[in-house]
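*Asks:* Data: protein21.txt, compact mmCIF, C-alpha atoms and all ligand atoms.
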```
# COMPACT_ATOMS: atom_id res chain seq x y z
CA MET A 1 95.32 98.36 102.90
CA LYS A 2 96.03 101.09 100.34
CA VAL A 3 99.69 101.77 99.63
CA LEU A 4 101.21 105.05 98.46
CA ILE A 5 104.73 104.78 97.02
CA ILE A 6 106.47 108.15 97.02
CA PHE A 7 109.38 107.62 94.65
CA ALA A 8 112.35 109.98 94.38
CA HIS A 9 115.22 109.46 91.95
CA PRO A 10 116.77 112.57 90.37
CA ALA A 11 118.56 110.64 87.59
CA PHE A 12 116.07 107.93 86.76
CA HIS A 13 117.26 107.77 83.14
CA LYS A 14 120.60 106.44 84.47
CA SER A 15 119.05 104.03 86.97
CA LYS A 16 119.93 100.34 86.87
CA VAL A 17 118.18 98.99 89.96
CA ASN A 18 115.20 101.26 90.63
CA LYS A 19 114.29 101.06 86.95
CA VAL A 20 113.63 97.34 87.42
CA LEU A 21 112.10 97.70 90.89
CA VAL A 22 109.49 100.33 89.97
CA ASP A 23 108.50 98.92 86.57
CA GLY A 24 104.80 98.00 86.69
CA LEU A 25 104.19 99.07 90.32
CA SER A 26 101.53 101.54 89.18
CA ASP A 27 99.50 98.64 87.73
CA ILE A 28 99.07 96.87 91.09
CA ASP A 29 95.61 97.12 92.66
CA HIS A 30 95.47 99.37 95.74
CA VAL A 31 98.97 100.74 95.04
CA THR A 32 99.50 104.36 93.98
CA PHE A 33 102.90 105.08 92.47
CA HIS A 34 103.86 108.75 92.79
CA ASP A 35 107.13 109.88 91.18
CA LEU A 36 108.21 113.18 92.77
CA TYR A 37 110.86 114.15 90.21
CA GLN A 38 108.39 113.46 87.40
CA GLU A 39 105.52 115.32 89.08
CA TYR A 40 107.61 118.29 90.17
CA PRO A 41 110.42 118.92 87.66
CA ASP A 42 110.65 122.51 88.95
CA ASN A 43 110.63 121.39 92.64
CA ASP A 44 107.34 123.26 93.07
CA ILE A 45 105.58 120.80 95.38
CA ASP A 46 101.77 121.08 95.64
CA ILE A 47 101.36 120.69 99.41
CA LYS A 48 97.57 120.25 99.46
CA ARG A 49 97.70 117.65 96.68
CA GLU A 50 100.36 115.69 98.58
CA GLN A 51 98.40 115.85 101.83
CA THR A 52 95.24 114.64 100.06
CA LEU A 53 97.18 111.72 98.57
CA LEU A 54 98.60 110.82 101.99
CA SER A 55 95.20 110.87 103.65
CA GLN A 56 93.81 108.47 101.02
CA HIS A 57 96.32 105.72 101.89
CA ASP A 58 97.10 103.47 104.86
CA LEU A 59 100.76 102.72 104.26
CA ILE A 60 103.27 105.30 103.04
CA VAL A 61 106.44 104.09 101.29
CA PHE A 62 109.44 106.31 100.58
CA GLN A 63 111.31 104.64 97.73
CA PHE A 64 114.69 106.16 96.87
CA PRO A 65 118.39 105.56 96.16
CA LEU A 66 120.47 106.32 99.24
CA PHE A 67 122.30 109.62 98.67
CA TRP A 68 124.84 110.67 101.30
CA TYR A 69 123.19 108.34 103.83
CA SER A 70 119.90 110.13 103.31
CA THR A 71 117.16 110.81 100.78
CA PRO A 72 117.56 112.67 97.48
CA SER A 73 116.95 116.39 98.01
CA LEU A 74 113.41 116.61 96.58
CA LEU A 75 112.19 114.03 99.07
CA LYS A 76 113.74 116.08 101.88
CA GLU A 77 112.04 119.20 100.49
CA TRP A 78 108.78 117.21 100.37
CA GLN A 79 109.12 116.37 104.09
CA ASP A 80 109.92 119.99 104.98
CA LEU A 81 106.83 121.30 103.16
CA VAL A 82 104.18 118.59 103.34
CA LEU A 83 104.51 117.45 106.96
CA GLU A 84 103.02 120.63 108.37
CA HIS A 85 102.54 121.41 112.04
CA GLY A 86 98.89 121.09 112.96
CA TRP A 87 98.37 118.63 110.10
CA ALA A 88 101.07 115.96 110.42
CA PHE A 89 102.30 116.62 113.94
CA GLY A 90 101.56 118.68 117.04
CA SER A 91 98.61 118.32 119.39
CA LYS A 92 96.11 118.85 116.55
CA GLY A 93 98.15 117.22 113.80
CA ASN A 94 96.63 113.78 113.47
CA ALA A 95 96.25 113.35 109.70
CA LEU A 96 98.85 110.55 109.54
CA LYS A 97 98.02 108.92 112.86
CA ASP A 98 98.24 105.11 112.78
CA LYS A 99 99.34 104.90 109.16
CA TRP A 100 102.25 102.56 108.50
CA PHE A 101 105.54 103.83 107.10
CA LEU A 102 108.42 102.12 105.37
CA CYS A 103 111.46 102.96 103.26
CA ALA A 104 112.36 100.98 100.12
CA ILE A 105 115.99 101.81 99.50
CA THR A 106 118.76 101.03 97.08
CA ALA A 107 122.33 101.54 98.30
CA GLY A 108 125.66 101.33 96.52
CA GLY A 109 127.34 99.87 99.61
CA PRO A 110 127.03 96.15 100.34
CA ARG A 111 125.08 95.00 103.39
CA ASN A 112 128.16 93.88 105.32
CA ALA A 113 129.71 97.37 104.96
CA TYR A 114 126.79 98.82 106.95
CA ARG A 115 128.00 97.60 110.33
CA ILE A 116 129.50 99.60 113.19
CA GLU A 117 132.88 97.91 112.80
CA ASP A 118 132.89 98.22 109.00
CA PHE A 119 133.32 100.73 106.20
CA HIS A 120 130.25 102.92 106.85
CA SER A 121 130.60 102.73 110.69
CA HIS A 122 126.81 102.60 111.11
CA THR A 123 123.99 100.23 110.45
CA LEU A 124 121.38 101.36 107.96
CA HIS A 125 118.88 101.37 110.84
CA GLN A 126 121.01 103.95 112.64
CA LEU A 127 121.34 106.09 109.51
CA LEU A 128 117.59 105.95 108.89
CA SER A 129 116.70 107.08 112.40
CA PRO A 130 115.76 110.67 111.33
CA LEU A 131 113.15 109.23 108.95
CA LYS A 132 111.94 106.73 111.51
CA GLN A 133 111.65 109.40 114.19
CA THR A 134 109.90 111.77 111.75
CA ALA A 135 107.33 109.05 111.12
CA LYS A 136 106.92 108.55 114.88
CA LEU A 137 106.50 112.28 115.49
CA CYS A 138 103.74 112.17 112.86
CA LYS A 139 102.16 109.32 114.87
CA MET A 140 102.87 106.81 112.12
CA LYS A 141 104.11 103.29 112.72
CA PRO A 142 107.49 102.64 111.06
CA LEU A 143 108.34 99.22 109.67
CA PRO A 144 111.85 97.90 108.93
CA PRO A 145 113.12 99.00 105.52
CA PHE A 146 113.19 97.01 102.27
CA VAL A 147 116.78 97.32 101.00
CA VAL A 148 118.72 96.38 97.88
CA HIS A 149 122.43 96.68 98.65
CA GLY A 150 125.54 96.66 96.49
CA THR A 151 123.92 98.27 93.48
CA HIS A 152 127.19 99.01 91.68
CA ALA A 153 128.13 95.36 91.32
CA ILE A 154 124.72 93.69 91.46
CA GLU A 155 123.76 91.29 88.64
CA LEU A 156 120.46 91.77 86.85
CA THR A 157 119.27 88.32 88.03
CA GLU A 158 119.71 89.46 91.65
CA VAL A 159 117.80 92.70 90.97
CA LYS A 160 115.00 90.64 89.45
CA LYS A 161 114.90 88.44 92.57
CA GLU A 162 114.53 91.55 94.74
CA LYS A 163 111.79 92.77 92.40
CA VAL A 164 109.91 89.52 93.04
CA ASN A 165 110.36 90.10 96.80
CA LEU A 166 109.06 93.66 96.49
CA LEU A 167 106.03 92.50 94.48
CA LYS A 168 105.34 89.77 97.05
CA LEU A 169 105.59 92.35 99.84
CA LEU A 170 103.14 94.72 98.10
CA TYR A 171 100.79 91.87 97.23
CA GLU A 172 100.69 90.66 100.84
CA LEU A 173 100.24 94.17 102.20
CA THR A 174 97.38 95.04 99.86
CA ASN A 175 95.68 91.69 100.44
CA ASP A 176 95.89 91.96 104.23
CA ASN A 177 98.07 88.86 104.34
CA PHE A 178 100.92 90.57 106.20
CA SER A 179 101.87 90.21 109.86
CA PHE A 180 103.08 93.62 111.05
CA GLU A 181 104.06 92.17 114.42
CA GLU A 182 106.16 89.47 112.79
CA ALA A 183 107.71 91.83 110.20
CA GLU A 184 108.87 94.22 112.93
CA LYS A 185 111.19 91.50 114.27
CA TYR A 186 113.36 91.54 111.12
CA GLU A 187 116.24 93.87 110.24
CA TYR A 188 114.96 94.23 106.68
CA LEU A 189 111.57 93.38 105.17
CA ASN A 190 113.45 91.43 102.48
CA ASP A 191 114.34 88.91 105.21
CA TYR A 192 110.75 88.68 106.42
CA ILE A 193 109.32 88.19 102.96
CA THR A 194 111.87 85.55 101.88
CA LYS A 195 111.44 83.53 105.12
CA LYS A 196 107.65 83.63 104.93
C1 LIG A 201 125.04 111.73 95.05
C2 LIG A 201 125.12 110.28 95.40
C3 LIG A 201 125.28 109.93 96.73
C4 LIG A 201 125.32 108.57 97.09
N1 LIG A 201 125.44 108.26 98.41
C5 LIG A 201 125.46 106.93 98.77
C6 LIG A 201 125.54 106.59 100.15
O1 LIG A 201 125.60 107.43 101.05
N2 LIG A 201 125.56 105.27 100.46
C7 LIG A 201 125.50 104.28 99.51
O2 LIG A 201 125.52 103.10 99.87
N3 LIG A 201 125.39 104.60 98.18
C8 LIG A 201 125.37 105.89 97.80
N4 LIG A 201 125.23 106.23 96.48
C9 LIG A 201 125.00 105.15 95.50
C10 LIG A 201 123.50 105.06 95.16
O3 LIG A 201 122.74 104.75 96.31
C11 LIG A 201 123.26 104.01 94.09
O4 LIG A 201 123.94 104.46 92.93
C12 LIG A 201 121.79 103.82 93.78
O5 LIG A 201 121.10 103.31 94.89
C13 LIG A 201 121.63 102.87 92.62
O6 LIG A 201 120.28 102.83 92.23
P1 LIG A 201 119.86 103.07 90.70
O7 LIG A 201 120.53 101.99 89.87
O8 LIG A 201 118.38 102.99 90.66
O9 LIG A 201 120.36 104.45 90.32
C14 LIG A 201 125.22 107.57 96.08
C15 LIG A 201 125.08 107.95 94.75
C16 LIG A 201 125.04 109.29 94.41
C17 LIG A 201 124.87 109.66 92.96
```
Starting from the file, give its structure as structure tokens.

*Replies:*
Amino acid sequence: MKVLIIFAHPAFHKSKVNKVLVDGLSDIDHVTFHDLYQEYPDNDIDIKREQTLLSQHDLIVFQFPLFWYSTPSLLKEWQDLVLEHGWAFGSKGNALKDKWFLCAITAGGPRNAYRIEDFHSHTLHQLLSPLKQTAKLCKMKPLPPFVVHGTHAIELTEVKKEKVNLLKLLYELTNDNFSFEEAEKYEYLNDYITKK
């Protein structure tokens, strides 16, 4: 299993959580770490290059801080340009067929605020449905997200624990020691990986 992490953070120099989470990911065997804001500082996305990268991997990860319940803008632009009709979707668009898809997200809001009866009035699953459905339209298989909540107040020790969980997740994925069927039963992949 080859994993492509498409990372998007427009203010990485100010990052507290993603800075820890992404450190060293590019050194893991069978993982390609691809930083969109670093690669495309002028937002001039190379569509063919992105499509080639996608076709070389089996699992596509969008890693990003949640911005207005969605992705940072360059990752949205990436979707608009790279997921072309006839390539990613449509009757002849099978380039992403059967690849796995997951989101690795950091969110300022705590987990218990992402409930229908709470502050954000929606679960994160509901808010991520456009991404999930985009993946499905592209014939990919979406997995539950990996999420680090409460980033404003989170202690560094907690971030480091989540980093260990993320590394474990990537290690198990790339070593084919991951049960997709089992993982799909969990709300978040963090729960699957810590219970394993
Ligand atoms: C423009 C903007 C929009 C944001 N929107 C949300 C949001 O909708 N929900 C949320 O929980 N946090 C939101 N946040 C908080 C970020 O998700 C949080 O700061 C980030 O995940 C922390 O990661 P970092 O330390 O790597 O920057 C927003 C932050 C910014 C700057």

*Asks:* Which residues, written as a PDB file with C-alpha atoms, keeping the file's coordinate frame, have at least one atom at most 10 Å from Lys163 of chain A, with all atoms listed in the file counted and residues fewer than 3 positions away on the same chain left out?

*Replies:*
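Saved file out_8.pdb follows:
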```pdb
ATOM      1  CA  VAL A  17     118.180  98.990  89.960  1.00  0.00           C
ATOM      2  CA  ASN A  18     115.200 101.260  90.630  1.00  0.00           C
ATOM      3  CA  VAL A  20     113.630  97.340  87.420  1.00  0.00           C
ATOM      4  CA  LEU A  21     112.100  97.700  90.890  1.00  0.00           C
ATOM      5  CA  VAL A  22     109.490 100.330  89.970  1.00  0.00           C
ATOM      6  CA  ASP A  23     108.500  98.920  86.570  1.00  0.00           C
ATOM      7  CA  VAL A 148     118.720  96.380  97.880  1.00  0.00           C
ATOM      8  CA  THR A 157     119.270  88.320  88.030  1.00  0.00           C
ATOM      9  CA  GLU A 158     119.710  89.460  91.650  1.00  0.00           C
ATOM     10  CA  VAL A 159     117.800  92.700  90.970  1.00  0.00           C
ATOM     11  CA  LYS A 160     115.000  90.640  89.450  1.00  0.00           C
ATOM     12  CA  LEU A 166     109.060  93.660  96.490  1.00  0.00           C
ATOM     13  CA  LEU A 167     106.030  92.500  94.480  1.00  0.00           C
ATOM     14  CA  LYS A 168     105.340  89.770  97.050  1.00  0.00           C
ATOM     15  CA  LEU A 169     105.590  92.350  99.840  1.00  0.00           C
TER      16      LEU A 169
END
```

*Asks:* If we count all atoms listed in the file, what is near segment 143-146 of chain A at a cut-off of 8 Å, once residues fewer than 3 positions away on the same chain are taken out, given as a ChimeraX atom specification?

*Replies:* /A:100-105,166,180,183-184,186-190

*Asks:* Using only C-alpha atoms and all ligand atoms, find each protein or nucleic acid residue lying at most 6 Å from ligand LIG 201 (chain A); present the set as a list in words.

*Replies:*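 The neighbouring residues of ligand LIG 201 (chain A) are, in order, Ser15, Lys16, Val17, Asn18, Lys19, Pro65, Leu66, Phe67, Trp68, Tyr69, Thr106, Ala107, Gly108, Gly109 and Thr151 of chain A.
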
*Asks:* One number please: atom CA of Phe7 of chain A to atom CA of Ile47 of chain A, in Å, one decimal.

*Replies:*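 Atom CA of Ile47 of chain A lies 16.1 Å from atom CA of Phe7 of chain A.
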
*Asks:* Excluding Met1 of chain A and its own-chain neighbours fewer than 4 positions away, which residues fall within 7 Å of it when counting only C-alpha atoms? Please give them as an mmCIF file with C-alpha atoms, in the frame of the given file.

*Replies:*
```cif
data_model
loop_
_atom_site.group_PDB
_atom_site.id
_atom_site.type_symbol
_atom_site.label_atom_id
_atom_site.label_comp_id
_atom_site.auth_asym_id
_atom_site.auth_seq_id
_atom_site.Cartn_x
_atom_site.Cartn_y
_atom_site.Cartn_z
ATOM 1 C CA ASP A 58 97.100 103.470 104.860
ATOM 2 C CA LEU A 173 100.240 94.170 102.200
ATOM 3 C CA THR A 174 97.380 95.040 99.860
ATOM 4 C CA ASP A 176 95.890 91.960 104.230
#
```
